[in-house]
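Down below is the structure, laid out as structure tokens.
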Amino acid sequence: MPTDVVFDPSSPSLQARLSSRTNSLNAVRLFLALLVVIGHAWPLTGSLSGPHLEFLSDIAVNGFFAVSGYLIAASRVSTSLPVYLVRRILRIFPGFLVCLLAIALVFSPLAAALEHRPMDWLSAAGFVIGNALLAVRQWGIGQTLGDVPYPSVWDGSLWTLGYEFVAYLALGAVLTVPWIRSRMGVVLTALALMSIAGSMLIEGPVHVSTSFYHYAGRLGSYFLVGAAMYAAARRIPVRMSLIAAAAASYVALWYLGADGSLGQVPLAYLLLAVGSRATTDVTTRNDLSYGLYIYAFPVQQLLVDMGTAPWGVLPNAVATLAIALGLAWLSWRLIEKPALSLKNLRPGAGIGLAWTRSARTDRGRLT
């Protein structure tokens, strides 16, 4: 974030409120990850009863990209391109690669044992190596998960990470051009409007040949709206009346089936404004949303493989959260946070010193 911004709790601007190191964006992202778990509970358990809330996972993913657009624009503006790229790599790859290894070495062998099937270690190696660059090409491992309601898919949540990293690279490149940086508000707003128009066409009269363009258009539009809100954050007020209006607008768009193509602005404002609330809870110091997002799906699959589908949707979701939150905590404390501490490593400094400095100075920082 720009260094000339001073946090003022009484300020109505989005920029001033989100400049606080005690903002609630981590809590907002954790809530979105929770919605993903709930949304996945129906297809993964094969439940046909009760209200089906699968759409919650789509809303959550849209929200992740909107919040990410704001945060990533902040990161790019406040750092050089090499530092920006290193930080983005450190944020997404270590936790992701360890998750792949955990699925290949722990989850899938447990499933093979439960199913009384031979463990295919060659397939497990292919799962890790083939998916390591975020473009997920292999979803299953051997014959595991062959009899569950959502078969042969170990981590269906990973599909968004490739789109997210491409968005990081694209925005990083765009904001490297001096002419664009000097006109960031105008350019990002124009790009956001064009992306919304493109998303409307893709969702409406234009039928794309592959799902890649469909998802790229939808997720890209949410990401760019979040980035545009960062550029205009100094002039965006935070008021309860606007938060309520944004929530009502998004619900209306969802009811009309237009939230995917027209819900970018209300959802982005709603999440960022709620996230601008100051807090001192545990989520300020710990970001468990990423770990919950990447581990919940394999946990859900393994539980169902153990025979928990008859329990119903809610008990399965609660059990998944209990286990996946523990794994998310371990991922944050042992993998993600130590990896992020390396972003401040200087020549001649030890990793332990860098970790200590990072833990002391980066608490709640947007970059």
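Residues in the structure tokens are numbered from 1 in each chain, the chains being A, B, ... in the order shown, and ligands are numbered from 1 in the order shown.
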Contacts of Ala309 of chain A at 12 Å (only C-alpha atoms; same-chain gap of 5+ positions) as a ChimeraX atom specification: /A:41-48,147-150,300-304,314-317,319-320
Exercise: segment 263-278 of chain A partners within 9 Å, only C-alpha atoms, chain neighbours under 6 positions left out, as an NGL selection string: :A and (9 or 14-29 or 59 or 62-63 or 65-67 or 70 or 196 or 221-223 or 225-226 or 229 or 237-240 or 242-251 or 253-254)
Produce a file of the selected residues containing N, CA and C atoms, as a CSV table (one decimal), in the first residue's frame.
chain,number,residue,atom,x,y,z
A,9,PRO,N,-9.9,5.6,11.9
A,9,PRO,CA,-11.1,4.8,12.1
A,9,PRO,C,-12.4,5.5,11.7
A,14,LEU,N,-12.7,3.7,1.8
A,14,LEU,CA,-12.3,2.3,1.7
A,14,LEU,C,-10.8,2.2,1.9
A,15,GLN,N,-10.1,3.1,1.3
A,15,GLN,CA,-8.6,3.0,1.3
A,15,GLN,C,-8.1,3.2,2.8
A,16,ALA,N,-8.6,4.2,3.5
A,16,ALA,CA,-8.2,4.5,4.8
A,16,ALA,C,-8.5,3.4,5.8
A,17,ARG,N,-9.7,2.8,5.6
A,17,ARG,CA,-10.1,1.7,6.5
A,17,ARG,C,-9.3,0.4,6.2
A,18,LEU,N,-9.0,0.1,5.0
A,18,LEU,CA,-8.3,-1.1,4.7
A,18,LEU,C,-6.8,-1.0,4.8
A,19,SER,N,-6.3,0.3,5.1
A,19,SER,CA,-4.9,0.5,5.4
A,19,SER,C,-4.5,0.0,6.8
A,20,SER,N,-5.5,-0.2,7.6
A,20,SER,CA,-5.2,-0.7,8.9
A,20,SER,C,-4.7,-2.1,8.9
A,21,ARG,N,-3.7,-2.4,9.8
A,21,ARG,CA,-3.2,-3.8,9.8
A,21,ARG,C,-4.2,-4.7,10.6
A,22,THR,N,-5.3,-4.2,11.1
A,22,THR,CA,-6.2,-5.0,11.9
A,22,THR,C,-7.6,-5.1,11.1
A,23,ASN,N,-7.5,-5.0,9.8
A,23,ASN,CA,-8.7,-5.2,9.0
A,23,ASN,C,-9.2,-6.6,9.1
A,24,SER,N,-10.4,-6.9,8.6
A,24,SER,CA,-11.0,-8.2,8.7
A,24,SER,C,-11.0,-9.0,7.4
A,25,LEU,N,-10.2,-8.6,6.5
A,25,LEU,CA,-10.2,-9.3,5.2
A,25,LEU,C,-9.9,-10.8,5.3
A,26,ASN,N,-9.0,-11.2,6.2
A,26,ASN,CA,-8.7,-12.6,6.5
A,26,ASN,C,-9.9,-13.3,6.9
A,27,ALA,N,-10.7,-12.7,7.8
A,27,ALA,CA,-12.0,-13.3,8.2
A,27,ALA,C,-13.0,-13.4,7.1
A,28,VAL,N,-13.0,-12.4,6.2
A,28,VAL,CA,-13.9,-12.5,5.1
A,28,VAL,C,-13.5,-13.7,4.2
A,29,ARG,N,-12.2,-13.8,3.9
A,29,ARG,CA,-11.8,-14.9,3.0
A,29,ARG,C,-12.0,-16.3,3.7
A,59,ILE,N,-20.5,-18.5,-5.7
A,59,ILE,CA,-20.4,-17.1,-5.1
A,59,ILE,C,-19.1,-16.9,-4.4
A,62,ASN,N,-16.2,-16.3,-6.8
A,62,ASN,CA,-16.3,-15.0,-7.3
A,62,ASN,C,-15.8,-14.0,-6.3
A,63,GLY,N,-16.2,-14.2,-5.0
A,63,GLY,CA,-15.8,-13.2,-4.0
A,63,GLY,C,-14.3,-13.3,-3.8
A,65,PHE,N,-12.0,-13.9,-5.9
A,65,PHE,CA,-11.3,-13.1,-7.0
A,65,PHE,C,-11.5,-11.6,-6.8
A,66,ALA,N,-12.6,-11.2,-6.4
A,66,ALA,CA,-12.8,-9.8,-6.2
A,66,ALA,C,-11.9,-9.2,-5.1
A,67,VAL,N,-11.8,-9.9,-4.0
A,67,VAL,CA,-11.0,-9.5,-2.9
A,67,VAL,C,-9.5,-9.6,-3.3
A,70,TYR,N,-8.2,-6.6,-5.4
A,70,TYR,CA,-7.9,-5.4,-4.6
A,70,TYR,C,-6.5,-5.6,-3.9
A,196,ILE,N,-16.6,-6.8,-17.6
A,196,ILE,CA,-18.0,-7.1,-17.3
A,196,ILE,C,-18.8,-7.3,-18.6
A,221,SER,N,-13.4,-10.9,-14.6
A,221,SER,CA,-14.2,-9.7,-14.4
A,221,SER,C,-14.2,-9.3,-12.9
A,222,TYR,N,-14.4,-10.3,-12.1
A,222,TYR,CA,-14.4,-10.1,-10.6
A,222,TYR,C,-13.0,-9.6,-10.1
A,223,PHE,N,-12.0,-10.2,-10.6
A,223,PHE,CA,-10.6,-9.8,-10.2
A,223,PHE,C,-10.4,-8.3,-10.6
A,225,VAL,N,-12.5,-5.9,-11.3
A,225,VAL,CA,-13.4,-5.0,-10.5
A,225,VAL,C,-12.7,-4.7,-9.1
A,226,GLY,N,-12.2,-5.8,-8.5
A,226,GLY,CA,-11.5,-5.6,-7.2
A,226,GLY,C,-10.3,-4.7,-7.4
A,229,MET,N,-11.3,-1.1,-7.8
A,229,MET,CA,-11.7,-0.6,-6.5
A,229,MET,C,-10.5,-0.1,-5.7
A,237,PRO,N,-16.7,5.6,-0.5
A,237,PRO,CA,-17.1,5.6,0.9
A,237,PRO,C,-17.5,4.3,1.5
A,238,VAL,N,-17.4,4.1,2.8
A,238,VAL,CA,-17.8,2.9,3.5
A,238,VAL,C,-19.0,3.4,4.4
A,239,ARG,N,-20.2,3.0,4.0
A,239,ARG,CA,-21.3,3.3,4.9
A,239,ARG,C,-22.2,2.1,4.9
A,240,MET,N,-23.0,2.0,6.1
A,240,MET,CA,-23.9,0.9,6.2
A,240,MET,C,-25.0,0.9,5.2
A,242,LEU,N,-24.7,1.8,2.1
A,242,LEU,CA,-24.2,1.3,0.8
A,242,LEU,C,-23.9,-0.2,0.9
A,243,ILE,N,-23.5,-0.7,2.1
A,243,ILE,CA,-23.3,-2.1,2.3
A,243,ILE,C,-24.6,-2.8,2.2
A,244,ALA,N,-25.7,-2.3,2.8
A,244,ALA,CA,-27.0,-2.9,2.7
A,244,ALA,C,-27.5,-2.9,1.2
A,245,ALA,N,-27.2,-1.8,0.5
A,245,ALA,CA,-27.7,-1.7,-0.9
A,245,ALA,C,-26.9,-2.7,-1.8
A,246,ALA,N,-25.6,-2.8,-1.5
A,246,ALA,CA,-24.8,-3.8,-2.2
A,246,ALA,C,-25.3,-5.2,-2.0
A,247,ALA,N,-25.6,-5.6,-0.8
A,247,ALA,CA,-26.1,-6.9,-0.4
A,247,ALA,C,-27.4,-7.1,-1.1
A,248,ALA,N,-28.3,-6.2,-1.0
A,248,ALA,CA,-29.6,-6.3,-1.7
A,248,ALA,C,-29.5,-6.5,-3.2
A,249,SER,N,-28.6,-5.7,-3.8
A,249,SER,CA,-28.4,-5.7,-5.2
A,249,SER,C,-27.9,-7.1,-5.7
A,250,TYR,N,-26.9,-7.6,-4.9
A,250,TYR,CA,-26.4,-8.9,-5.3
A,250,TYR,C,-27.4,-10.0,-5.1
A,251,VAL,N,-28.2,-10.0,-4.1
A,251,VAL,CA,-29.2,-11.0,-3.9
A,251,VAL,C,-30.2,-10.9,-5.0
A,253,LEU,N,-29.7,-9.8,-8.1
A,253,LEU,CA,-29.0,-10.3,-9.3
A,253,LEU,C,-28.9,-11.9,-9.3
A,254,TRP,N,-28.7,-12.4,-8.1
A,254,TRP,CA,-28.6,-13.9,-8.0
A,254,TRP,C,-30.0,-14.5,-8.3
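Atom pair atom CA of Val106 of chain A / atom CA of Thr308 of chain A: separated by 19.0 Å.
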Non-local contacts of Leu34 of chain A (10 Å; only C-alpha atoms; under 6 positions in same chain excluded) as a PyMOL selection string: chain A and resi 28+56-57+60+289+292-293+296+317+321+325
From A:Glu164, A:Ser68, A:Ser157, A:Ser261, residue lying nearest Leu193 of chain A [only C-alpha atoms]: A:Ser261
All alpha helix (DSSP H) residues (DSSP, backbone) inside segment 142-213 of chain A, as a count of residues only: 44
Which residue of A:Ala322, A:Met194, A:Ala252, A:Val299 approaches Phe107 of chain A most closely, using only C-alpha atoms: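 Of the candidates, the smallest distance to Phe107 of chain A is held by A:Val299.
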For atom CA of Gly140 of chain A and atom CA of Gly156 of chain A, the interatomic separation in Å (one decimal):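 Answer for the atom CA of Gly140 of chain A to atom CA of Gly156 of chain A separation: 9.9 Å.
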Nearest to Leu188 of chain A by atom-to-atom distance, counting only C-alpha atoms, from A:Phe127, A:Tyr230, A:Tyr215, A:Tyr168: A:Tyr230
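Distance annotation: of A:Leu342, A:Leu224, A:Ala231, A:Lys337, the residue with the minimal separation from Ala74 of chain A is A:Ala231; atom set is only C-alpha atoms.
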Atomic separation - atom CA of Leu114 of chain A relative to atom CA of Trp311 of chain A, Å: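 So the answer is 18.3 Å.
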Closest of A:Leu288, A:Ala197, A:Ile294, A:Met184 to Ile103 of chain A - atom-to-atom distances counting only C-alpha atoms: A:Ile294
